[in-house]
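To be precise, the following lines are start.tsv, and they hold TSV, C-alpha atoms and all ligand atoms.
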chain	number	residue	atom	x	y	z
A	1	MET	CA	-137.16	27.81	-14.74
A	2	SER	CA	-140.02	28.31	-12.26
A	3	ALA	CA	-140.48	31.73	-10.68
A	4	SER	CA	-141.21	30.21	-7.29
A	5	ARG	CA	-138.21	27.87	-7.16
A	6	PRO	CA	-134.80	29.26	-6.24
A	7	THR	CA	-131.93	28.38	-8.56
A	8	VAL	CA	-129.21	26.20	-7.01
A	9	LEU	CA	-125.84	25.51	-8.58
A	10	LEU	CA	-124.46	21.97	-8.34
A	11	ALA	CA	-120.71	22.59	-8.47
A	12	GLY	CA	-118.35	19.64	-8.98
A	13	LYS	CA	-119.03	15.90	-8.86
A	14	VAL	CA	-121.91	16.12	-6.42
A	15	HIS	CA	-123.25	13.14	-4.50
A	16	PRO	CA	-126.22	11.52	-6.35
A	17	ARG	CA	-128.57	12.16	-3.43
A	18	VAL	CA	-127.68	15.86	-3.41
A	19	ARG	CA	-128.40	16.01	-7.14
A	20	GLU	CA	-131.67	14.10	-6.85
A	21	ARG	CA	-133.01	16.24	-4.00
A	22	VAL	CA	-131.85	19.56	-5.47
A	23	GLU	CA	-133.34	18.69	-8.86
A	24	ALA	CA	-136.63	17.80	-7.14
A	25	ASP	CA	-136.93	20.95	-5.04
A	26	PHE	CA	-135.04	23.70	-6.91
A	27	ASP	CA	-134.11	24.82	-10.39
A	28	ALA	CA	-130.73	23.13	-10.75
A	29	ILE	CA	-127.74	24.19	-12.82
A	30	SER	CA	-124.78	21.76	-12.96
A	31	ILE	CA	-121.12	22.44	-13.67
A	32	GLU	CA	-118.19	20.02	-13.22
A	33	THR	CA	-115.75	22.63	-11.93
A	34	ALA	CA	-116.18	26.14	-10.56
A	35	ASP	CA	-115.17	27.73	-13.86
A	36	ARG	CA	-116.60	31.16	-14.73
A	37	ALA	CA	-116.70	30.22	-18.42
A	38	LEU	CA	-119.33	27.57	-17.71
A	39	LEU	CA	-121.97	30.09	-16.55
A	40	ASP	CA	-123.62	32.70	-18.77
A	41	GLU	CA	-124.85	36.06	-17.46
A	42	ASP	CA	-128.40	34.83	-16.98
A	43	ALA	CA	-127.33	31.81	-14.93
A	44	ARG	CA	-124.94	33.91	-12.83
A	45	SER	CA	-127.69	36.31	-11.84
A	46	ARG	CA	-130.25	33.58	-11.07
A	47	ILE	CA	-128.12	31.46	-8.70
A	48	ARG	CA	-129.13	31.86	-5.03
A	49	GLY	CA	-127.71	28.68	-3.57
A	50	MET	CA	-124.79	26.35	-4.23
A	51	ALA	CA	-124.03	22.73	-3.31
A	52	ALA	CA	-120.22	22.59	-3.40
A	53	ALA	CA	-118.21	19.46	-4.14
A	54	THR	CA	-115.23	21.33	-5.57
A	55	ALA	CA	-113.02	24.30	-4.65
A	56	ILE	CA	-114.90	27.60	-4.47
A	57	SER	CA	-112.69	30.70	-4.68
A	58	ALA	CA	-113.44	34.32	-3.75
A	59	ASP	CA	-113.51	35.21	-7.47
A	60	PHE	CA	-116.10	32.55	-8.17
A	61	ILE	CA	-118.26	33.75	-5.27
A	62	ASP	CA	-118.04	37.32	-6.62
A	63	LEU	CA	-119.30	36.11	-9.99
A	64	LEU	CA	-122.71	35.37	-8.46
A	65	PRO	CA	-124.38	38.64	-7.35
A	66	ASN	CA	-127.45	37.00	-5.81
A	67	LEU	CA	-125.72	34.09	-4.08
A	68	GLU	CA	-127.02	33.56	-0.51
A	69	VAL	CA	-125.66	30.19	0.61
A	70	ILE	CA	-122.88	27.69	-0.16
A	71	ALA	CA	-123.49	24.22	1.32
A	72	ASN	CA	-120.21	22.30	1.34
A	73	PHE	CA	-120.21	18.50	1.05
A	74	GLY	CA	-117.81	17.66	3.89
A	75	VAL	CA	-117.05	18.89	7.38
A	76	GLY	CA	-113.69	20.20	6.15
A	77	TYR	CA	-114.33	23.36	4.13
A	78	ASP	CA	-110.76	24.51	3.46
A	79	SER	CA	-111.58	24.41	-0.27
A	80	VAL	CA	-114.26	27.11	0.12
A	81	ASP	CA	-113.24	30.72	0.77
A	82	ALA	CA	-115.60	31.05	3.74
A	83	ALA	CA	-113.90	34.19	5.07
A	84	HIS	CA	-114.63	35.96	1.78
A	85	ALA	CA	-118.19	34.59	1.61
A	86	ALA	CA	-118.79	36.00	5.10
A	87	THR	CA	-117.75	39.50	3.99
A	88	ARG	CA	-120.61	39.31	1.48
A	89	GLN	CA	-122.99	37.77	4.06
A	90	VAL	CA	-123.12	34.58	2.00
A	91	MET	CA	-123.82	31.72	4.42
A	92	VAL	CA	-121.42	28.75	4.26
A	93	THR	CA	-122.43	25.42	5.80
A	94	ASN	CA	-120.56	22.11	6.27
A	95	THR	CA	-121.44	18.57	7.43
A	96	PRO	CA	-120.24	18.13	11.03
A	97	ASP	CA	-121.15	15.30	13.44
A	98	VAL	CA	-122.96	13.00	10.97
A	99	LEU	CA	-119.59	11.55	9.88
A	100	SER	CA	-117.57	11.69	13.12
A	101	ASP	CA	-118.11	8.07	14.20
A	102	GLU	CA	-117.47	6.70	10.69
A	103	VAL	CA	-114.24	8.66	10.35
A	104	ALA	CA	-113.14	7.64	13.87
A	105	ASP	CA	-113.83	3.96	13.10
A	106	THR	CA	-111.80	4.19	9.89
A	107	THR	CA	-108.94	5.92	11.72
A	108	VAL	CA	-108.70	3.10	14.25
A	109	GLY	CA	-108.73	0.60	11.36
A	110	LEU	CA	-105.98	2.51	9.58
A	111	LEU	CA	-103.90	2.59	12.78
A	112	LEU	CA	-104.25	-1.17	13.27
A	113	ASN	CA	-103.51	-1.86	9.61
A	114	THR	CA	-100.41	0.31	9.81
A	115	VAL	CA	-98.88	-1.22	12.93
A	116	ARG	CA	-100.00	-4.85	12.42
A	117	GLU	CA	-99.62	-4.89	8.58
A	118	LEU	CA	-103.03	-6.54	8.11
A	119	PRO	CA	-103.46	-5.54	4.42
A	120	LYS	CA	-100.02	-6.98	3.65
A	121	ALA	CA	-100.76	-10.16	5.60
A	122	GLU	CA	-104.00	-10.61	3.65
A	123	ALA	CA	-102.18	-10.04	0.35
A	124	TYR	CA	-99.67	-12.71	1.44
A	125	LEU	CA	-102.48	-15.22	2.03
A	126	ARG	CA	-104.25	-14.34	-1.25
A	127	ALA	CA	-101.01	-14.84	-3.18
A	128	GLY	CA	-100.80	-18.41	-1.82
A	129	ARG	CA	-97.64	-17.60	0.12
A	130	TRP	CA	-98.89	-18.92	3.49
A	131	GLU	CA	-99.21	-22.41	2.03
A	132	ARG	CA	-95.98	-22.20	0.00
A	133	GLU	CA	-93.71	-20.27	2.37
A	134	GLY	CA	-95.21	-20.64	5.85
A	135	ALA	CA	-96.40	-18.06	8.38
A	136	TYR	CA	-96.40	-14.33	7.64
A	137	PRO	CA	-93.44	-12.69	9.43
A	138	LEU	CA	-94.06	-11.34	12.93
A	139	THR	CA	-94.73	-7.60	12.84
A	140	SER	CA	-92.05	-5.38	14.34
A	141	LEU	CA	-94.73	-2.94	15.53
A	142	SER	CA	-97.63	-3.42	17.92
A	143	LEU	CA	-100.34	-1.21	19.37
A	144	ARG	CA	-99.50	-2.56	22.81
A	145	GLY	CA	-97.61	-0.12	25.02
A	146	ARG	CA	-98.14	2.84	22.71
A	147	THR	CA	-98.99	6.40	23.76
A	148	VAL	CA	-101.19	8.36	21.37
A	149	GLY	CA	-101.07	12.08	20.62
A	150	ILE	CA	-104.07	13.54	18.79
A	151	PHE	CA	-103.41	16.72	16.80
A	152	GLY	CA	-106.93	18.22	16.70
A	153	LEU	CA	-109.20	17.08	19.52
A	154	GLY	CA	-112.47	18.28	17.97
A	155	ARG	CA	-115.55	16.25	17.10
A	156	ILE	CA	-113.63	13.52	15.24
A	157	GLY	CA	-110.48	13.68	17.39
A	158	LEU	CA	-112.54	13.08	20.52
A	159	ALA	CA	-114.39	10.16	18.90
A	160	ILE	CA	-110.98	8.65	18.07
A	161	ALA	CA	-109.73	9.28	21.62
A	162	ARG	CA	-112.74	7.54	23.20
A	163	ARG	CA	-112.19	4.49	21.00
A	164	LEU	CA	-108.46	4.30	21.75
A	165	GLU	CA	-109.13	4.67	25.49
A	166	ALA	CA	-111.05	1.39	25.18
A	167	PHE	CA	-107.89	-0.11	23.63
A	168	GLY	CA	-106.07	0.79	26.88
A	169	LEU	CA	-103.88	3.48	25.30
A	170	PRO	CA	-102.95	6.75	27.08
A	171	ILE	CA	-104.09	9.82	25.09
A	172	HIS	CA	-102.46	13.26	24.80
A	173	TYR	CA	-103.66	16.10	22.57
A	174	HIS	CA	-102.62	19.36	20.94
A	175	THR	CA	-105.09	22.09	20.00
A	176	ARG	CA	-104.83	25.88	20.19
A	177	ASN	CA	-107.27	26.00	23.10
A	178	LYS	CA	-107.13	23.63	26.08
A	179	ARG	CA	-110.41	21.74	26.49
A	180	THR	CA	-112.12	21.95	29.87
A	181	ASP	CA	-114.15	18.76	29.41
A	182	VAL	CA	-111.37	16.17	29.09
A	183	ALA	CA	-108.60	15.03	31.43
A	184	TYR	CA	-106.11	14.03	28.72
A	185	PRO	CA	-102.76	15.86	28.97
A	186	TRP	CA	-102.81	18.96	26.71
A	187	HIS	CA	-99.70	20.28	24.94
A	188	ALA	CA	-99.59	23.91	23.87
A	189	ARG	CA	-97.00	23.02	21.18
A	190	LEU	CA	-97.26	20.20	18.64
A	191	ILE	CA	-93.54	19.45	18.88
A	192	ASP	CA	-93.77	18.92	22.65
A	193	MET	CA	-96.64	16.48	22.18
A	194	ALA	CA	-94.73	14.63	19.45
A	195	ALA	CA	-91.84	14.18	21.89
A	196	ALA	CA	-94.18	12.85	24.59
A	197	VAL	CA	-95.90	10.19	22.44
A	198	ASP	CA	-94.98	7.56	19.84
A	199	THR	CA	-98.22	7.55	17.82
A	200	LEU	CA	-99.37	10.82	16.25
A	201	ILE	CA	-102.90	11.05	14.83
A	202	VAL	CA	-103.54	14.15	12.71
A	203	VAL	CA	-107.16	15.29	12.40
A	204	VAL	CA	-106.99	19.08	12.22
A	205	PRO	CA	-108.65	21.13	9.46
A	206	GLY	CA	-106.57	22.06	6.41
A	207	GLY	CA	-105.67	25.64	5.46
A	208	ALA	CA	-102.87	28.09	6.10
A	209	ALA	CA	-102.83	27.69	9.91
A	210	THR	CA	-101.98	23.98	9.72
A	211	GLU	CA	-100.05	23.84	6.43
A	212	LYS	CA	-96.99	21.54	6.74
A	213	ALA	CA	-97.33	21.66	10.54
A	214	VAL	CA	-96.12	18.04	10.66
A	215	ASN	CA	-92.58	18.73	9.45
A	216	ALA	CA	-89.16	17.07	9.84
A	217	GLU	CA	-88.72	18.43	13.38
A	218	VAL	CA	-92.06	17.04	14.53
A	219	LEU	CA	-91.32	13.66	12.92
A	220	ASP	CA	-87.90	13.52	14.59
A	221	ALA	CA	-89.51	14.35	17.92
A	222	LEU	CA	-91.90	11.40	17.37
A	223	GLY	CA	-88.83	9.19	17.01
A	224	PRO	CA	-87.80	5.86	15.46
A	225	GLN	CA	-90.70	3.91	16.98
A	226	GLY	CA	-93.06	6.63	15.79
A	227	VAL	CA	-96.23	5.97	13.82
A	228	LEU	CA	-98.02	8.81	12.00
A	229	ILE	CA	-101.70	8.49	11.11
A	230	SER	CA	-103.17	11.29	8.97
A	231	VAL	CA	-106.90	11.63	8.33
A	232	GLY	CA	-107.39	15.43	8.41
A	233	ARG	CA	-105.97	17.05	5.28
A	234	GLY	CA	-102.84	16.12	3.33
A	235	THR	CA	-101.63	19.72	3.34
A	236	THR	CA	-100.96	19.48	7.09
A	237	ILE	CA	-98.12	17.02	6.43
A	238	ASP	CA	-94.82	18.08	4.83
A	239	GLU	CA	-94.91	15.10	2.43
A	240	PRO	CA	-91.28	15.29	1.22
A	241	ALA	CA	-90.13	15.44	4.87
A	242	LEU	CA	-92.36	12.46	5.69
A	243	ILE	CA	-90.95	10.44	2.78
A	244	GLU	CA	-87.40	11.14	4.01
A	245	ALA	CA	-88.24	10.24	7.60
A	246	LEU	CA	-89.88	6.96	6.52
A	247	SER	CA	-87.03	6.08	4.13
A	248	ASP	CA	-84.37	6.77	6.77
A	249	ARG	CA	-86.45	4.97	9.44
A	250	ARG	CA	-86.40	8.12	11.56
A	251	ILE	CA	-90.04	7.16	12.12
A	252	ALA	CA	-91.32	3.60	11.88
A	253	ALA	CA	-94.48	3.82	9.74
A	254	ALA	CA	-97.29	6.00	8.45
A	255	GLY	CA	-100.96	5.41	7.66
A	256	LEU	CA	-102.46	8.07	5.38
A	257	ASP	CA	-106.02	8.63	4.16
A	258	VAL	CA	-105.38	12.15	2.83
A	259	PHE	CA	-102.71	13.65	0.56
A	260	ALA	CA	-101.53	17.11	-0.40
A	261	ARG	CA	-102.53	16.89	-4.11
A	262	GLU	CA	-105.37	14.37	-4.29
A	263	PRO	CA	-105.94	12.14	-6.13
A	264	HIS	CA	-102.20	12.19	-6.84
A	265	VAL	CA	-100.18	10.14	-4.34
A	266	PRO	CA	-96.38	10.52	-4.50
A	267	GLN	CA	-94.83	7.35	-5.95
A	268	ALA	CA	-92.28	7.31	-3.12
A	269	LEU	CA	-95.09	6.84	-0.57
A	270	ILE	CA	-96.50	3.98	-2.65
A	271	ASP	CA	-93.08	2.33	-2.97
A	272	LEU	CA	-92.15	2.54	0.71
A	273	PRO	CA	-92.70	-0.72	2.67
A	274	ASN	CA	-93.71	1.10	5.85
A	275	THR	CA	-96.78	2.98	4.60
A	276	CYS	CA	-100.45	2.04	4.62
A	277	LEU	CA	-102.40	4.17	2.13
A	278	LEU	CA	-106.12	4.78	1.62
A	279	PRO	CA	-107.82	6.88	-1.11
A	280	HIS	CA	-109.60	9.39	1.19
A	281	VAL	CA	-112.29	6.94	2.32
A	282	ALA	CA	-112.68	7.74	6.02
A	283	SER	CA	-116.34	8.81	5.65
A	284	ALA	CA	-117.04	6.75	2.54
A	285	SER	CA	-119.89	4.40	3.48
A	286	LEU	CA	-123.24	4.67	1.72
A	287	SER	CA	-125.08	5.52	4.96
A	288	THR	CA	-122.67	8.23	6.12
A	289	ARG	CA	-122.37	9.85	2.70
A	290	ASN	CA	-126.20	9.85	2.46
A	291	ALA	CA	-126.40	11.58	5.84
A	292	MET	CA	-123.88	14.16	4.61
A	293	ALA	CA	-125.89	14.64	1.40
A	294	ASP	CA	-129.09	15.19	3.37
A	295	LEU	CA	-127.39	17.76	5.58
A	296	VAL	CA	-126.15	19.64	2.49
A	297	VAL	CA	-129.64	19.86	1.02
A	298	ASN	CA	-131.34	20.55	4.36
A	299	ASN	CA	-128.98	23.50	4.88
A	300	LEU	CA	-129.81	24.88	1.42
A	301	ALA	CA	-133.54	24.41	1.99
A	302	ALA	CA	-133.47	26.06	5.42
A	303	TRP	CA	-131.46	29.12	4.35
A	304	LEU	CA	-133.37	29.66	1.10
A	305	ALA	CA	-136.64	29.46	3.08
A	306	GLY	CA	-135.47	32.30	5.36
A	307	LYS	CA	-134.63	30.02	8.30
A	308	PRO	CA	-131.37	29.65	10.27
A	309	ALA	CA	-128.67	27.46	8.77
A	310	LEU	CA	-128.49	24.03	10.39
A	311	THR	CA	-124.70	23.84	10.49
A	312	PRO	CA	-123.09	27.21	9.71
A	313	VAL	CA	-119.29	27.36	9.68
A	314	PRO	CA	-117.80	29.60	12.40
A	315	GLU	CA	-116.94	32.39	9.91
A	316	CYS	CA	-120.68	32.84	9.20
A	317	ALA	CA	-122.17	32.23	12.64
A	318	SER	CA	-122.44	35.98	13.40
A	319	PHE	CA	-125.03	36.59	10.68
A	320	ASP	CA	-126.96	33.35	11.03
A	321	ARG	CA	-130.69	33.93	11.55
A	322	LYS	CA	-132.28	33.43	14.96
A	323	PRO	CA	-134.71	30.50	15.30
A	324	ALA	CA	-138.37	31.60	15.05
B	401	LIG	P1	-113.56	20.22	14.56
B	401	LIG	O1	-114.58	19.65	15.48
B	401	LIG	O2	-113.67	21.63	14.14
B	401	LIG	O3	-112.14	19.97	15.24
B	401	LIG	C1	-110.97	20.58	14.80
B	401	LIG	C2	-109.93	20.45	15.91
B	401	LIG	O4	-108.68	20.93	15.41
B	401	LIG	C3	-110.26	21.27	17.15
B	401	LIG	O5	-109.88	20.53	18.27
B	401	LIG	C4	-109.40	22.51	17.00
B	401	LIG	O6	-109.10	23.03	18.28
B	401	LIG	C5	-108.17	21.92	16.31
B	401	LIG	N1	-107.44	22.89	15.52
B	401	LIG	C6	-107.92	23.67	14.51
B	401	LIG	N2	-106.95	24.46	14.02
B	401	LIG	C7	-105.84	24.17	14.73
B	401	LIG	C8	-104.51	24.67	14.70
B	401	LIG	N3	-104.13	25.63	13.83
B	401	LIG	N4	-103.60	24.15	15.56
B	401	LIG	C9	-103.99	23.20	16.45
B	401	LIG	N5	-105.23	22.68	16.52
B	401	LIG	C10	-106.14	23.18	15.67
B	401	LIG	O7	-113.49	19.38	13.21
B	401	LIG	P2	-113.83	17.83	12.98
B	401	LIG	O8	-115.27	17.66	12.70
B	401	LIG	O9	-113.22	17.02	14.08
B	401	LIG	O10	-113.02	17.59	11.61
B	401	LIG	C11	-111.63	17.80	11.56
B	401	LIG	C12	-111.10	17.71	10.15
B	401	LIG	O11	-111.04	16.35	9.73
B	401	LIG	C13	-111.94	18.38	9.07
B	401	LIG	O12	-111.72	19.78	9.03
B	401	LIG	C14	-111.50	17.68	7.80
B	401	LIG	O13	-110.42	18.37	7.20
B	401	LIG	C15	-111.01	16.32	8.31
B	401	LIG	N6	-111.87	15.22	7.84
B	401	LIG	C16	-111.34	14.26	7.02
B	401	LIG	C17	-112.15	13.22	6.61
B	401	LIG	C18	-111.62	12.14	5.72
B	401	LIG	O14	-112.39	11.59	4.94
B	401	LIG	N7	-110.34	11.79	5.81
B	401	LIG	C19	-113.49	13.15	7.00
B	401	LIG	C20	-113.98	14.14	7.83
B	401	LIG	C21	-113.16	15.17	8.26
B	401	LIG	P3	-108.71	24.58	18.50
B	401	LIG	O15	-109.72	25.38	17.74
B	401	LIG	O16	-108.77	24.74	19.98
B	401	LIG	O17	-107.34	24.72	17.96
B	402	LIG	C1	-115.26	13.69	2.33
B	402	LIG	C2	-114.00	14.91	4.20
B	402	LIG	O1	-114.58	12.63	1.77
B	402	LIG	O2	-115.82	15.72	5.44
B	402	LIG	C3	-114.67	15.91	5.06
B	402	LIG	O3	-114.01	16.92	5.38
B	402	LIG	O4	-112.85	15.01	3.91
B	402	LIG	C4	-114.75	13.72	3.72
B	402	LIG	O5	-115.80	13.36	4.55
B	402	LIG	C5	-115.12	14.84	1.43
B	402	LIG	O6	-115.46	16.03	1.96
B	402	LIG	C6	-115.99	14.61	0.20
B	402	LIG	O7	-115.22	14.33	-0.86
Turn the structure described in the file into structure tokens.
Amino acid sequence: MSASRPTVLLAGKVHPRVRERVEADFDAISIETADRALLDEDARSRIRGMAAATAISADFIDLLPNLEVIANFGVGYDSVDAAHAATRQVMVTNTPDVLSDEVADTTVGLLLNTVRELPKAEAYLRAGRWEREGAYPLTSLSLRGRTVGIFGLGRIGLAIARRLEAFGLPIHYHTRNKRTDVAYPWHARLIDMAAAVDTLIVVVPGGAATEKAVNAEVLDALGPQGVLISVGRGTTIDEPALIEALSDRRIAAAGLDVFAREPHVPQALIDLPNTCLLPHVASASLSTRNAMADLVVNNLAAWLAGKPALTPVPECASFDRKPA
């Protein structure tokens, strides 16, 4: 340990670039999970910063008396108890903007794969079935003529909307607050938007406010031609209700990048013919993950040097420092 270098905890399976930069600039302590048993008294009292790639509870935060900042790897920080951190004036940061375009690109790909069955068509070719059996069957679904509803028109939702506008699709949205900078129809209630569209894209943050918001009623309002695309958090979808709606063809298909209990994916979703499933890869390119890693470490470096956080979460904005 060096007296002049703050101690930073690497919690969880951190990105290699986060590890490399933290080890170069700070005294690093690594633990695989945020488990109190993994830190002795000395380590607990030394830790001033944390790079988080795992769930961080209020209890774990309270274990660290000199903690000043938690830099979360990801724009979604539902796994960090930011409200509790704020009560202790512990700064929490996330990684907004640097991943929005990547996630929006992936969402459009997932939508196309879901309605036009491209992964299945490729598997058909690779299995030699085109040559043996003839053309892949025509898809019952198409993007043409669809109306899209975006649940969560924030940074990523808007990037998705702009892309889908270029596809010629009308866009609606549901958020708690109506935006003043877009002309898309706004719905105050999710269920009303679901009834007005046939393609629902979910990109809201996780947490209690959105838990199981996409339930059986919303899926029924979407209707039998309905396509659900989920890239926000799996907890926002009532998964058993979704499985029933897909099995009964009360909606047509679903494309999912996120799941309620990752990395577990319910076998019923895997077995259904009308799902397209990805293992939480929307931001997972080398370049975007490196940009996220840099933002994590830059936030730690700024806060521990007495400067404002670069990307504080809203819960902590009130005690962010003013720029010099
Ligand atoms: P953002 O800019 O904060 O946007 C969030 C949007 O959701 C806002 O429009 C917000 O509007 C709306 N919203 C929040 N709570 C709501 C509620 N209870 N009911 C209705 N609308 C609500 O966040 P972002 O950068 O776009 O990221 C969104 C989420 O995407 C992240 O939190 C993360 O969970 C997820 N994500 C997933 C991946 C992936 O790999 N699959 C990658 C990146 C992000 P109002 O505040 O007006 O309601
Ligand atoms: C990451 C994400 O995959 O930013 C988010 O909220 O969900 C993704 O970009 C995740 O945070 C890292 O595992």
Residues near A:Arg48, cut-off 12 Å, all atoms listed in the file, skip fewer than 3 positions along chain, as an NGL selection string: :A and (5-10 or 26-29 or 43-45 or 51 or 61 or 63-71 or 90-91 or 300-301 or 303-305)
A:Arg116, A:Arg144, A:Arg155, A:Arg176 ranked by distance to ligand LIG 402 (chain B), top pick (using all atoms listed in the file):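 Between A:Arg116, A:Arg144, A:Arg155, A:Arg176, the residue approaching ligand LIG 402 (chain B) most closely is A:Arg155.
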Give the centre and edge lengths of an axis-aligned box, in Å to one decimal, that holds all listed atoms of ligand LIG 402 (chain B) with 3 Å on each side, as JSON.
{"center_x": -114.4, "center_y": 14.8, "center_z": 2.3, "size_x": 9.1, "size_y": 10.3, "size_z": 12.3}
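Near A:Ile201, within 10 Å and counting only C-alpha atoms, sit Thr107, Val108, Leu111, Val148, Gly149, Ile150, Phe151, Gly152, Leu153, Gly157, Ile160, Ala161, Tyr173, Val227, Leu228, Ile229, Ser230, Val231, Gly232, Ala254, Gly255 and Leu256 of chain A, not including residues fewer than 4 positions from it in the same chain.
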Nearest-residue call for A:Ser287, choices A:Pro323, A:Ala37, A:Asp198, A:Glu102, using only C-alpha atoms: A:Glu102
Selected residue, from A:Thr139, A:Thr175, A:Ser4, A:Thr87, that lies nearest to ligand LIG 401 (chain B) when counting all atoms listed in the file: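 Under the stated criterion, the closest residue is A:Thr175.
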Exercise answer, 7 Å around ligand LIG 402 (chain B) with all atoms listed in the file, as a list in words: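 After applying the 7 Å limit, what remains is Ala53, Phe73, Gly74, Val75, Gly76, Tyr77, Thr95, Leu99, His280, Val281, Ala282, Ser283 and Ala284 of chain A.
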Computed interatomic separation between atom CA of A:Leu141 and atom CA of A:Asn113 (Å):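 These atoms are spaced 10.6 Å apart.
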Residue nearest ligand LIG 401 (chain B) - candidates A:Gly128, A:Gly226, A:Pro279, A:Gly154, atoms counted: all atoms listed in the file: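 Between A:Gly128, A:Gly226, A:Pro279, A:Gly154, the residue approaching ligand LIG 401 (chain B) most closely is A:Gly154.
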Close residues, A:Pro185 itself excluded, 9 Å, only C-alpha atoms, min 4 positions apart in chain, as JSON, numbers by chain: {"A": [171, 172, 173, 174]}
Which residue of A:Cys276, A:Leu219, A:Ile237, A:Leu125 approaches A:Arg250 most closely, using all atoms listed in the file: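 Smallest separation from A:Arg250 among the options: A:Leu219.
Separating atom CA of A:Lys212 from atom C11 of ligand LIG 401 (chain B) is a distance of 15.9 Å.
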Coordinates-based distance that separates atom CA of A:Asp192 from atom CA of A:Val103 (Å, one decimal):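 Atom CA of A:Val103 sits 26.0 Å away from atom CA of A:Asp192.
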